[in-house]
Amino acid sequence: MCQFILFYALIAGTIYWTGLYISHGSYSERSGFAHYSYVYLVLAIQWTPNVCFQNDDCRKDMTFPESWTIHGLWPSCDPMRNSNPENCYDVACNFSVNKLKKLENQLNENWISAHTNNELFWEHEYCKHGTCCETSLRNRYFEETLSLHKKVNIGEILKDKQILPHKRNGYRLLDIDEAIRGALKTKVKYRCKSVKNKNASSSKSYHLLVEIYICLSKTTLKPQDCPSMMSKYSCDDNREIYIFPKTA
């Protein structure tokens with residue numbers, strides 16, 4: 001009887017660890033993290049006034065800044081794969097907001113949640129994406145993401161080309177793309193949403209630029225061309241693109 005129990009226990013253990021390896025990559029019991037290989041990183045930058053335009057799910061307790069802010073830094077795989085690595089930890093992701101005290105002012109200015117309080121947003125991004133980064137980047141996830149956001153400085157790139165927030169004037173995606181590609185020397189991706197202004201007499205639909213995705217080398221953290229197959233991140237080339245001010 002004991003032999004059968006031991007046999008089935010060994011099988012169950014093998015299935016558990018094999019499943020963990022398949023779902024997350026190689027598992028390190030010492031660190032509690034599963035190290036999942038990825039090809040590149042995506043720095044996601046959002047324009048919160050557009051995210052929250054006609055969006056009842058957004059926070060009502062604050063006025064969002066008129067600036068490009070961080071959504072997250074995401075380890076990413078080849079676009080032909082079905083999914084990217086997420087939640088690469090065993091029991092807990094070991095997030096502690098107390099470790100971010102020195103960065104708190106920078107984070108509250110540059111990494112702002114549209115839907116929940118900022119600390120919960122930071123925890124979500126770290127647990128979902130940061131835990132999947134290689135060890136050196138994972139340990140400095142917030143510092144490095146803030147630094148990358150400052151370096152790319154999307155707001156200044158667009159401002160230099162007179163692409164400024166405006167509630168009436170739209171822009172061609174081509175002009176936005178040429179400005180960013182000219183500064184970063186790489187191809188980026190965009191996400192837009194189409195909405196109608198409920199408060200206006202006109203039924204005009206607006207195509208709003210919501211996010212910009214900058215692909216980065218996993219080794220150097222320098223911008224590189226985003227894969228052309230990132231098709232889910234798209235805007236309509238034939239429509240005017242709006243970047244609304246926070247009072248739109």
# chains A, B, ... in the order shown; residues from 1 in each chain; ligands from 1

call {"tool": "closest_atom_pairs", "arguments": {"of": "segment 39-122 of chain A", "to": "segment 131-135 of chain A", "cutoff": "10 Å", "atoms": "only C-alpha atoms", "output": "tab-separated table"}}
result
residue	atom	partner	partner_atom	distance
A:Leu41	CA	A:Cys133	CA	8.9
A:Leu73	CA	A:Cys133	CA	9.2
A:Trp74	CA	A:Cys133	CA	8.1
A:Pro75	CA	A:Cys133	CA	6.2
A:Ser76	CA	A:Cys132	CA	9.5
A:Asn84	CA	A:Cys132	CA	9.5
A:Pro85	CA	A:Cys132	CA	6.3
A:Glu86	CA	A:Cys132	CA	6.3
A:Asn87	CA	A:Thr131	CA	6.4
A:Cys88	CA	A:Cys132	CA	5.1
A:Tyr89	CA	A:Thr131	CA	6.6
A:Cys93	CA	A:Thr131	CA	6.8
A:Asn94	CA	A:Thr131	CA	9.2
A:Phe95	CA	A:Thr131	CA	9.5

call {"tool": "select_by_dssp", "arguments": {"residues": "segment 105-224 of chain A", "states": "strand (DSSP E or B)", "output": "number ranges by chain"}}
result
A: 171, 189-196, 205-217, 223

call {"tool": "atom_distance", "arguments": {"atom1": "atom CA of Tyr206 of chain A", "atom2": "atom CA of Ser194 of chain A"}}
result
5.4 Å

call {"tool": "select_by_dssp", "arguments": {"residues": "segment 16-199 of chain A", "states": "helix (DSSP H, G or I)", "output": "tab-separated table (two decimals) with N, CA, C and O atoms, in the first residue's frame"}}
result
chain	number	residue	atom	x	y	z
A	16	TYR	N	2.86	18.47	-11.20
A	16	TYR	CA	2.82	19.85	-10.69
A	16	TYR	C	3.98	20.68	-11.21
A	16	TYR	O	3.81	21.77	-11.76
A	17	TRP	N	5.22	20.15	-11.04
A	17	TRP	CA	6.39	20.93	-11.44
A	17	TRP	C	6.49	21.05	-12.95
A	17	TRP	O	6.92	22.08	-13.46
A	18	THR	N	6.06	20.02	-13.68
A	18	THR	CA	6.06	20.12	-15.14
A	18	THR	C	5.07	21.17	-15.59
A	18	THR	O	5.36	21.98	-16.48
A	19	GLY	N	3.90	21.20	-14.98
A	19	GLY	CA	2.90	22.21	-15.33
A	19	GLY	C	3.39	23.61	-15.04
A	19	GLY	O	3.17	24.54	-15.81
A	20	LEU	N	4.10	23.75	-13.90
A	20	LEU	CA	4.63	25.07	-13.56
A	20	LEU	C	5.68	25.51	-14.56
A	20	LEU	O	5.73	26.67	-14.96
A	21	TYR	N	6.49	24.56	-15.01
A	21	TYR	CA	7.52	24.89	-16.00
A	21	TYR	C	6.88	25.31	-17.31
A	21	TYR	O	7.26	26.30	-17.92
A	22	ILE	N	5.86	24.57	-17.74
A	22	ILE	CA	5.23	24.88	-19.02
A	22	ILE	C	4.53	26.22	-18.99
A	22	ILE	O	4.57	27.01	-19.92
A	23	SER	N	3.86	26.53	-17.88
A	23	SER	CA	3.07	27.76	-17.83
A	23	SER	C	3.93	29.00	-17.61
A	23	SER	O	3.58	30.08	-18.03
A	24	HIS	N	5.07	28.85	-16.95
A	24	HIS	CA	5.86	30.03	-16.61
A	24	HIS	C	7.30	30.00	-17.11
A	24	HIS	O	7.98	31.02	-17.07
A	48	THR	N	-3.74	60.19	-20.49
A	48	THR	CA	-4.88	59.92	-19.62
A	48	THR	C	-6.13	60.73	-19.95
A	48	THR	O	-7.24	60.20	-19.85
A	49	PRO	N	-6.03	62.01	-20.36
A	49	PRO	CA	-7.26	62.72	-20.75
A	49	PRO	C	-8.04	62.01	-21.86
A	49	PRO	O	-9.28	62.04	-21.87
A	50	ASN	N	-7.33	61.35	-22.78
A	50	ASN	CA	-8.02	60.58	-23.82
A	50	ASN	C	-8.54	59.25	-23.29
A	50	ASN	O	-9.61	58.80	-23.66
A	51	VAL	N	-7.75	58.61	-22.43
A	51	VAL	CA	-8.19	57.36	-21.82
A	51	VAL	C	-9.53	57.57	-21.12
A	51	VAL	O	-10.44	56.74	-21.20
A	97	VAL	N	4.98	48.63	-1.15
A	97	VAL	CA	5.00	50.04	-1.47
A	97	VAL	C	5.99	50.79	-0.59
A	97	VAL	O	6.48	51.87	-0.97
A	98	ASN	N	6.33	50.21	0.55
A	98	ASN	CA	7.31	50.86	1.45
A	98	ASN	C	8.69	50.98	0.80
A	98	ASN	O	9.47	51.86	1.14
A	99	LYS	N	8.97	50.08	-0.15
A	99	LYS	CA	10.26	50.12	-0.83
A	99	LYS	C	10.32	51.24	-1.87
A	99	LYS	O	11.38	51.51	-2.44
A	100	LEU	N	9.18	51.88	-2.11
A	100	LEU	CA	9.11	52.91	-3.15
A	100	LEU	C	9.07	54.33	-2.59
A	100	LEU	O	8.79	55.28	-3.31
A	101	LYS	N	9.34	54.46	-1.30
A	101	LYS	CA	9.22	55.78	-0.67
A	101	LYS	C	10.08	56.84	-1.35
A	101	LYS	O	9.66	57.98	-1.56
A	102	LYS	N	11.31	56.46	-1.73
A	102	LYS	CA	12.21	57.44	-2.37
A	102	LYS	C	11.73	57.82	-3.77
A	102	LYS	O	12.11	58.87	-4.29
A	103	LEU	N	10.90	56.97	-4.36
A	103	LEU	CA	10.41	57.22	-5.72
A	103	LEU	C	8.97	57.73	-5.74
A	103	LEU	O	8.43	57.99	-6.81
A	104	GLU	N	8.38	57.85	-4.57
A	104	GLU	CA	6.94	58.10	-4.50
A	104	GLU	C	6.52	59.36	-5.25
A	104	GLU	O	5.52	59.36	-5.98
A	105	ASN	N	7.25	60.44	-5.10
A	105	ASN	CA	6.88	61.69	-5.79
A	105	ASN	C	6.97	61.52	-7.31
A	105	ASN	O	6.08	61.97	-8.05
A	106	GLN	N	8.04	60.89	-7.77
A	106	GLN	CA	8.18	60.66	-9.21
A	106	GLN	C	7.07	59.76	-9.75
A	106	GLN	O	6.53	60.00	-10.84
A	107	LEU	N	6.75	58.72	-8.99
A	107	LEU	CA	5.71	57.79	-9.42
A	107	LEU	C	4.34	58.47	-9.46
A	107	LEU	O	3.58	58.28	-10.41
A	108	ASN	N	4.04	59.27	-8.45
A	108	ASN	CA	2.74	59.95	-8.43
A	108	ASN	C	2.60	60.99	-9.54
A	108	ASN	O	1.48	61.35	-9.93
A	109	GLU	N	3.72	61.44	-10.06
A	109	GLU	CA	3.70	62.40	-11.16
A	109	GLU	C	3.71	61.73	-12.52
A	109	GLU	O	3.08	62.22	-13.47
A	110	ASN	N	4.37	60.58	-12.63
A	110	ASN	CA	4.62	59.98	-13.94
A	110	ASN	C	3.96	58.62	-14.17
A	110	ASN	O	3.96	58.12	-15.29
A	118	ASN	N	-3.11	54.91	-7.11
A	118	ASN	CA	-1.83	54.66	-7.77
A	118	ASN	C	-1.08	53.46	-7.21
A	118	ASN	O	-0.47	52.70	-7.96
A	119	GLU	N	-1.13	53.28	-5.90
A	119	GLU	CA	-0.38	52.18	-5.29
A	119	GLU	C	-0.88	50.83	-5.79
A	119	GLU	O	-0.09	49.91	-6.02
A	120	LEU	N	-2.19	50.68	-5.95
A	120	LEU	CA	-2.74	49.43	-6.47
A	120	LEU	C	-2.33	49.23	-7.93
A	120	LEU	O	-2.09	48.10	-8.37
A	121	PHE	N	-2.24	50.33	-8.67
A	121	PHE	CA	-1.82	50.26	-10.07
A	121	PHE	C	-0.36	49.81	-10.17
A	121	PHE	O	-0.02	48.95	-10.99
A	122	TRP	N	0.49	50.37	-9.33
A	122	TRP	CA	1.91	49.97	-9.33
A	122	TRP	C	2.05	48.49	-8.97
A	122	TRP	O	2.83	47.78	-9.59
A	123	GLU	N	1.29	48.07	-7.97
A	123	GLU	CA	1.34	46.66	-7.57
A	123	GLU	C	0.90	45.76	-8.72
A	123	GLU	O	1.52	44.73	-9.00
A	124	HIS	N	-0.19	46.15	-9.39
A	124	HIS	CA	-0.69	45.35	-10.52
A	124	HIS	C	0.36	45.23	-11.61
A	124	HIS	O	0.62	44.12	-12.12
A	125	GLU	N	0.98	46.35	-11.99
A	125	GLU	CA	1.97	46.32	-13.07
A	125	GLU	C	3.20	45.51	-12.69
A	125	GLU	O	3.74	44.76	-13.51
A	126	TYR	N	3.63	45.64	-11.44
A	126	TYR	CA	4.81	44.88	-11.02
A	126	TYR	C	4.51	43.38	-10.96
A	126	TYR	O	5.29	42.57	-11.46
A	127	CYS	N	3.38	43.03	-10.36
A	127	CYS	CA	3.06	41.61	-10.21
A	127	CYS	C	2.79	40.95	-11.55
A	127	CYS	O	3.23	39.82	-11.80
A	128	LYS	N	2.09	41.65	-12.43
A	128	LYS	CA	1.75	41.06	-13.73
A	128	LYS	C	2.93	41.05	-14.69
A	128	LYS	O	3.14	40.07	-15.41
A	130	GLY	N	6.34	43.06	-14.05
A	130	GLY	CA	7.68	43.21	-13.48
A	130	GLY	C	8.28	41.91	-13.01
A	130	GLY	O	9.49	41.70	-13.13
A	131	THR	N	7.44	41.01	-12.48
A	131	THR	CA	7.96	39.73	-11.99
A	131	THR	C	8.48	38.85	-13.12
A	131	THR	O	9.21	37.88	-12.87
A	132	CYS	N	8.12	39.16	-14.36
A	132	CYS	CA	8.58	38.36	-15.50
A	132	CYS	C	9.87	38.88	-16.11
A	132	CYS	O	10.42	38.27	-17.03
A	135	THR	N	16.25	39.14	-13.67
A	135	THR	CA	16.45	39.51	-12.27
A	135	THR	C	16.92	40.94	-12.07
A	135	THR	O	16.38	41.67	-11.24
A	136	SER	N	17.92	41.37	-12.82
A	136	SER	CA	18.47	42.71	-12.61
A	136	SER	C	17.43	43.78	-12.89
A	136	SER	O	17.36	44.80	-12.18
A	137	LEU	N	16.60	43.58	-13.91
A	137	LEU	CA	15.56	44.55	-14.23
A	137	LEU	C	14.40	44.45	-13.25
A	137	LEU	O	13.83	45.47	-12.84
A	138	ARG	N	14.07	43.23	-12.86
A	138	ARG	CA	12.97	43.05	-11.90
A	138	ARG	C	13.27	43.77	-10.59
A	138	ARG	O	12.39	44.39	-9.99
A	139	ASN	N	14.53	43.71	-10.16
A	139	ASN	CA	14.91	44.34	-8.89
A	139	ASN	C	14.91	45.86	-8.96
A	139	ASN	O	14.90	46.53	-7.92
A	141	TYR	N	12.72	47.55	-11.26
A	141	TYR	CA	11.63	47.71	-12.22
A	141	TYR	C	11.12	49.15	-12.28
A	141	TYR	O	10.97	49.73	-13.36
A	142	PHE	N	10.87	49.74	-11.15
A	142	PHE	CA	10.30	51.10	-11.12
A	142	PHE	C	11.34	52.15	-11.46
A	142	PHE	O	11.05	53.10	-12.20
A	143	GLU	N	12.56	51.99	-10.95
A	143	GLU	CA	13.61	52.96	-11.27
A	143	GLU	C	13.89	52.98	-12.77
A	143	GLU	O	14.00	54.05	-13.38
A	144	GLU	N	14.02	51.81	-13.36
A	144	GLU	CA	14.35	51.72	-14.78
A	144	GLU	C	13.21	52.22	-15.65
A	144	GLU	O	13.43	52.89	-16.67
A	145	THR	N	11.98	51.91	-15.27
A	145	THR	CA	10.83	52.37	-16.07
A	145	THR	C	10.71	53.88	-16.03
A	145	THR	O	10.45	54.52	-17.07
A	146	LEU	N	10.90	54.47	-14.87
A	146	LEU	CA	10.89	55.94	-14.76
A	146	LEU	C	12.00	56.55	-15.61
A	146	LEU	O	11.78	57.55	-16.30
A	147	SER	N	13.17	55.94	-15.58
A	147	SER	CA	14.30	56.44	-16.35
A	147	SER	C	14.03	56.35	-17.85
A	147	SER	O	14.31	57.29	-18.61
A	148	LEU	N	13.46	55.24	-18.30
A	148	LEU	CA	13.14	55.07	-19.72
A	148	LEU	C	12.10	56.07	-20.19
A	148	LEU	O	12.19	56.65	-21.27
A	149	HIS	N	11.10	56.29	-19.35
A	149	HIS	CA	10.06	57.26	-19.67
A	149	HIS	C	10.64	58.66	-19.83
A	149	HIS	O	10.28	59.41	-20.75
A	150	LYS	N	11.56	59.00	-18.96
A	150	LYS	CA	12.21	60.32	-19.03
A	150	LYS	C	13.06	60.44	-20.28
A	150	LYS	O	13.09	61.49	-20.94
A	151	LYS	N	13.74	59.36	-20.64
A	151	LYS	CA	14.63	59.40	-21.80
A	151	LYS	C	13.86	59.55	-23.11
A	151	LYS	O	14.26	60.34	-23.98
A	152	VAL	N	12.79	58.80	-23.28
A	152	VAL	CA	12.05	58.89	-24.55
A	152	VAL	C	11.28	60.21	-24.66
A	152	VAL	O	11.15	60.78	-25.74
A	154	ILE	N	8.17	61.53	-24.78
A	154	ILE	CA	7.22	61.66	-25.89
A	154	ILE	C	6.61	63.06	-25.96
A	154	ILE	O	6.43	63.63	-27.04
A	155	GLY	N	6.30	63.65	-24.81
A	155	GLY	CA	5.70	64.98	-24.80
A	155	GLY	C	6.55	66.02	-25.49
A	155	GLY	O	6.06	66.83	-26.28
A	156	GLU	N	7.85	66.01	-25.21
A	156	GLU	CA	8.76	66.99	-25.84
A	156	GLU	C	8.94	66.72	-27.32
A	156	GLU	O	9.05	67.65	-28.12
A	157	ILE	N	8.96	65.44	-27.70
A	157	ILE	CA	9.09	65.09	-29.12
A	157	ILE	C	7.93	65.67	-29.92
A	157	ILE	O	8.12	66.28	-30.98
A	158	LEU	N	6.72	65.50	-29.41
A	158	LEU	CA	5.53	66.00	-30.12
A	158	LEU	C	5.45	67.53	-30.06
A	158	LEU	O	5.09	68.18	-31.04
A	159	LYS	N	5.82	68.08	-28.91
A	159	LYS	CA	5.80	69.53	-28.76
A	159	LYS	C	6.75	70.21	-29.75
A	159	LYS	O	6.43	71.26	-30.32
A	160	ASP	N	7.91	69.61	-29.97
A	160	ASP	CA	8.89	70.17	-30.91
A	160	ASP	C	8.33	70.26	-32.32
A	160	ASP	O	8.77	71.11	-33.12
A	173	LEU	N	-1.92	60.74	-38.42
A	173	LEU	CA	-1.07	59.75	-37.76
A	173	LEU	C	0.32	59.77	-38.38
A	173	LEU	O	1.32	59.58	-37.69
A	174	LEU	N	0.39	60.03	-39.68
A	174	LEU	CA	1.67	60.09	-40.37
A	174	LEU	C	2.58	61.14	-39.74
A	174	LEU	O	3.78	60.91	-39.55
A	175	ASP	N	2.01	62.31	-39.40
A	175	ASP	CA	2.82	63.39	-38.81
A	175	ASP	C	3.28	63.01	-37.39
A	175	ASP	O	4.42	63.32	-37.00
A	176	ILE	N	2.39	62.39	-36.63
A	176	ILE	CA	2.76	61.94	-35.28
A	176	ILE	C	3.87	60.90	-35.37
A	176	ILE	O	4.87	60.96	-34.64
A	177	ASP	N	3.70	59.96	-36.28
A	177	ASP	CA	4.66	58.89	-36.42
A	177	ASP	C	6.02	59.39	-36.91
A	177	ASP	O	7.07	58.95	-36.44
A	178	GLU	N	6.00	60.33	-37.85
A	178	GLU	CA	7.26	60.88	-38.35
A	178	GLU	C	8.02	61.62	-37.24
A	178	GLU	O	9.25	61.56	-37.17
A	179	ALA	N	7.27	62.31	-36.38
A	179	ALA	CA	7.91	63.03	-35.28
A	179	ALA	C	8.60	62.06	-34.32
A	179	ALA	O	9.77	62.25	-33.94
A	180	ILE	N	7.89	61.02	-33.94
A	180	ILE	CA	8.44	60.06	-32.97
A	180	ILE	C	9.53	59.22	-33.60
A	180	ILE	O	10.59	58.99	-33.01
A	181	ARG	N	9.29	58.75	-34.83
A	181	ARG	CA	10.29	57.92	-35.49
A	181	ARG	C	11.57	58.72	-35.77
A	181	ARG	O	12.68	58.20	-35.67
A	182	GLY	N	11.40	60.00	-36.09
A	182	GLY	CA	12.56	60.83	-36.33
A	182	GLY	C	13.41	61.02	-35.10
A	182	GLY	O	14.64	61.09	-35.17
A	183	ALA	N	12.76	61.10	-33.93
A	183	ALA	CA	13.50	61.31	-32.68
A	183	ALA	C	14.09	60.02	-32.13
A	183	ALA	O	15.23	60.00	-31.66
A	184	LEU	N	13.32	58.94	-32.17
A	184	LEU	CA	13.77	57.68	-31.56
A	184	LEU	C	14.48	56.76	-32.54
A	184	LEU	O	15.11	55.78	-32.13

call {"tool": "decode", "arguments": {"residues": "segment 122-160 of chain A", "atoms": "N, CA and C atoms", "output": "PDB file, in the first residue's frame"}}
result
ATOM      1  N   TRP A 122       0.493  50.371  -9.330  1.00  0.00           N
ATOM      2  CA  TRP A 122       1.906  49.973  -9.335  1.00  0.00           C
ATOM      3  C   TRP A 122       2.048  48.490  -8.972  1.00  0.00           C
ATOM      4  N   GLU A 123       1.292  48.071  -7.975  1.00  0.00           N
ATOM      5  CA  GLU A 123       1.343  46.664  -7.568  1.00  0.00           C
ATOM      6  C   GLU A 123       0.897  45.757  -8.721  1.00  0.00           C
ATOM      7  N   HIS A 124      -0.188  46.147  -9.394  1.00  0.00           N
ATOM      8  CA  HIS A 124      -0.694  45.354 -10.516  1.00  0.00           C
ATOM      9  C   HIS A 124       0.359  45.226 -11.614  1.00  0.00           C
ATOM     10  N   GLU A 125       0.984  46.348 -11.989  1.00  0.00           N
ATOM     11  CA  GLU A 125       1.966  46.321 -13.070  1.00  0.00           C
ATOM     12  C   GLU A 125       3.196  45.507 -12.685  1.00  0.00           C
ATOM     13  N   TYR A 126       3.631  45.644 -11.443  1.00  0.00           N
ATOM     14  CA  TYR A 126       4.809  44.880 -11.018  1.00  0.00           C
ATOM     15  C   TYR A 126       4.506  43.384 -10.959  1.00  0.00           C
ATOM     16  N   CYS A 127       3.379  43.029 -10.357  1.00  0.00           N
ATOM     17  CA  CYS A 127       3.063  41.607 -10.206  1.00  0.00           C
ATOM     18  C   CYS A 127       2.791  40.949 -11.555  1.00  0.00           C
ATOM     19  N   LYS A 128       2.090  41.646 -12.427  1.00  0.00           N
ATOM     20  CA  LYS A 128       1.748  41.062 -13.726  1.00  0.00           C
ATOM     21  C   LYS A 128       2.927  41.052 -14.686  1.00  0.00           C
ATOM     22  N   HIS A 129       3.697  42.140 -14.725  1.00  0.00           N
ATOM     23  CA  HIS A 129       4.756  42.286 -15.728  1.00  0.00           C
ATOM     24  C   HIS A 129       6.167  42.307 -15.123  1.00  0.00           C
ATOM     25  N   GLY A 130       6.343  43.057 -14.055  1.00  0.00           N
ATOM     26  CA  GLY A 130       7.676  43.215 -13.481  1.00  0.00           C
ATOM     27  C   GLY A 130       8.280  41.906 -13.011  1.00  0.00           C
ATOM     28  N   THR A 131       7.443  41.011 -12.481  1.00  0.00           N
ATOM     29  CA  THR A 131       7.959  39.730 -11.993  1.00  0.00           C
ATOM     30  C   THR A 131       8.484  38.848 -13.121  1.00  0.00           C
ATOM     31  N   CYS A 132       8.124  39.159 -14.358  1.00  0.00           N
ATOM     32  CA  CYS A 132       8.577  38.357 -15.503  1.00  0.00           C
ATOM     33  C   CYS A 132       9.871  38.879 -16.106  1.00  0.00           C
ATOM     34  N   CYS A 133      10.341  40.004 -15.619  1.00  0.00           N
ATOM     35  CA  CYS A 133      11.595  40.564 -16.127  1.00  0.00           C
ATOM     36  C   CYS A 133      12.782  39.761 -15.602  1.00  0.00           C
ATOM     37  N   GLU A 134      13.896  39.855 -16.313  1.00  0.00           N
ATOM     38  CA  GLU A 134      15.110  39.231 -15.813  1.00  0.00           C
ATOM     39  C   GLU A 134      15.494  39.868 -14.482  1.00  0.00           C
ATOM     40  N   THR A 135      16.251  39.140 -13.674  1.00  0.00           N
ATOM     41  CA  THR A 135      16.448  39.505 -12.268  1.00  0.00           C
ATOM     42  C   THR A 135      16.923  40.940 -12.068  1.00  0.00           C
ATOM     43  N   SER A 136      17.925  41.368 -12.818  1.00  0.00           N
ATOM     44  CA  SER A 136      18.466  42.714 -12.614  1.00  0.00           C
ATOM     45  C   SER A 136      17.427  43.784 -12.893  1.00  0.00           C
ATOM     46  N   LEU A 137      16.605  43.582 -13.907  1.00  0.00           N
ATOM     47  CA  LEU A 137      15.559  44.550 -14.228  1.00  0.00           C
ATOM     48  C   LEU A 137      14.395  44.446 -13.253  1.00  0.00           C
ATOM     49  N   ARG A 138      14.068  43.234 -12.858  1.00  0.00           N
ATOM     50  CA  ARG A 138      12.973  43.054 -11.897  1.00  0.00           C
ATOM     51  C   ARG A 138      13.270  43.769 -10.592  1.00  0.00           C
ATOM     52  N   ASN A 139      14.534  43.713 -10.160  1.00  0.00           N
ATOM     53  CA  ASN A 139      14.908  44.337  -8.885  1.00  0.00           C
ATOM     54  C   ASN A 139      14.910  45.858  -8.960  1.00  0.00           C
ATOM     55  N   ARG A 140      14.952  46.404 -10.169  1.00  0.00           N
ATOM     56  CA  ARG A 140      14.934  47.865 -10.352  1.00  0.00           C
ATOM     57  C   ARG A 140      13.817  48.255 -11.325  1.00  0.00           C
ATOM     58  N   TYR A 141      12.720  47.548 -11.256  1.00  0.00           N
ATOM     59  CA  TYR A 141      11.633  47.710 -12.223  1.00  0.00           C
ATOM     60  C   TYR A 141      11.122  49.149 -12.280  1.00  0.00           C
ATOM     61  N   PHE A 142      10.867  49.742 -11.147  1.00  0.00           N
ATOM     62  CA  PHE A 142      10.298  51.097 -11.117  1.00  0.00           C
ATOM     63  C   PHE A 142      11.341  52.150 -11.465  1.00  0.00           C
ATOM     64  N   GLU A 143      12.558  51.991 -10.948  1.00  0.00           N
ATOM     65  CA  GLU A 143      13.614  52.956 -11.265  1.00  0.00           C
ATOM     66  C   GLU A 143      13.891  52.978 -12.767  1.00  0.00           C
ATOM     67  N   GLU A 144      14.020  51.805 -13.363  1.00  0.00           N
ATOM     68  CA  GLU A 144      14.351  51.719 -14.781  1.00  0.00           C
ATOM     69  C   GLU A 144      13.206  52.221 -15.654  1.00  0.00           C
ATOM     70  N   THR A 145      11.976  51.914 -15.273  1.00  0.00           N
ATOM     71  CA  THR A 145      10.834  52.367 -16.071  1.00  0.00           C
ATOM     72  C   THR A 145      10.708  53.879 -16.034  1.00  0.00           C
ATOM     73  N   LEU A 146      10.899  54.472 -14.868  1.00  0.00           N
ATOM     74  CA  LEU A 146      10.888  55.939 -14.764  1.00  0.00           C
ATOM     75  C   LEU A 146      11.999  56.549 -15.613  1.00  0.00           C
ATOM     76  N   SER A 147      13.170  55.938 -15.576  1.00  0.00           N
ATOM     77  CA  SER A 147      14.296  56.445 -16.352  1.00  0.00           C
ATOM     78  C   SER A 147      14.029  56.346 -17.853  1.00  0.00           C
ATOM     79  N   LEU A 148      13.462  55.244 -18.298  1.00  0.00           N
ATOM     80  CA  LEU A 148      13.143  55.067 -19.720  1.00  0.00           C
ATOM     81  C   LEU A 148      12.099  56.068 -20.185  1.00  0.00           C
ATOM     82  N   HIS A 149      11.101  56.288 -19.346  1.00  0.00           N
ATOM     83  CA  HIS A 149      10.056  57.262 -19.671  1.00  0.00           C
ATOM     84  C   HIS A 149      10.638  58.662 -19.833  1.00  0.00           C
ATOM     85  N   LYS A 150      11.559  59.003 -18.957  1.00  0.00           N
ATOM     86  CA  LYS A 150      12.206  60.316 -19.031  1.00  0.00           C
ATOM     87  C   LYS A 150      13.065  60.435 -20.282  1.00  0.00           C
ATOM     88  N   LYS A 151      13.745  59.358 -20.640  1.00  0.00           N
ATOM     89  CA  LYS A 151      14.628  59.396 -21.803  1.00  0.00           C
ATOM     90  C   LYS A 151      13.856  59.551 -23.110  1.00  0.00           C
ATOM     91  N   VAL A 152      12.786  58.802 -23.276  1.00  0.00           N
ATOM     92  CA  VAL A 152      12.047  58.893 -24.549  1.00  0.00           C
ATOM     93  C   VAL A 152      11.281  60.207 -24.658  1.00  0.00           C
ATOM     94  N   ASN A 153      10.736  60.701 -23.537  1.00  0.00           N
ATOM     95  CA  ASN A 153      10.126  62.034 -23.463  1.00  0.00           C
ATOM     96  C   ASN A 153       9.206  62.338 -24.652  1.00  0.00           C
ATOM     97  N   ILE A 154       8.165  61.532 -24.776  1.00  0.00           N
ATOM     98  CA  ILE A 154       7.221  61.665 -25.889  1.00  0.00           C
ATOM     99  C   ILE A 154       6.614  63.061 -25.958  1.00  0.00           C
ATOM    100  N   GLY A 155       6.301  63.646 -24.813  1.00  0.00           N
ATOM    101  CA  GLY A 155       5.701  64.980 -24.796  1.00  0.00           C
ATOM    102  C   GLY A 155       6.553  66.020 -25.490  1.00  0.00           C
ATOM    103  N   GLU A 156       7.854  66.011 -25.207  1.00  0.00           N
ATOM    104  CA  GLU A 156       8.761  66.985 -25.836  1.00  0.00           C
ATOM    105  C   GLU A 156       8.938  66.716 -27.320  1.00  0.00           C
ATOM    106  N   ILE A 157       8.956  65.439 -27.698  1.00  0.00           N
ATOM    107  CA  ILE A 157       9.091  65.091 -29.122  1.00  0.00           C
ATOM    108  C   ILE A 157       7.930  65.667 -29.915  1.00  0.00           C
ATOM    109  N   LEU A 158       6.717  65.499 -29.406  1.00  0.00           N
ATOM    110  CA  LEU A 158       5.533  65.999 -30.118  1.00  0.00           C
ATOM    111  C   LEU A 158       5.454  67.529 -30.055  1.00  0.00           C
ATOM    112  N   LYS A 159       5.821  68.076 -28.914  1.00  0.00           N
ATOM    113  CA  LYS A 159       5.798  69.534 -28.763  1.00  0.00           C
ATOM    114  C   LYS A 159       6.747  70.207 -29.746  1.00  0.00           C
ATOM    115  N   ASP A 160       7.908  69.613 -29.971  1.00  0.00           N
ATOM    116  CA  ASP A 160       8.886  70.175 -30.906  1.00  0.00           C
ATOM    117  C   ASP A 160       8.334  70.260 -32.318  1.00  0.00           C
TER     118      ASP A 160
END
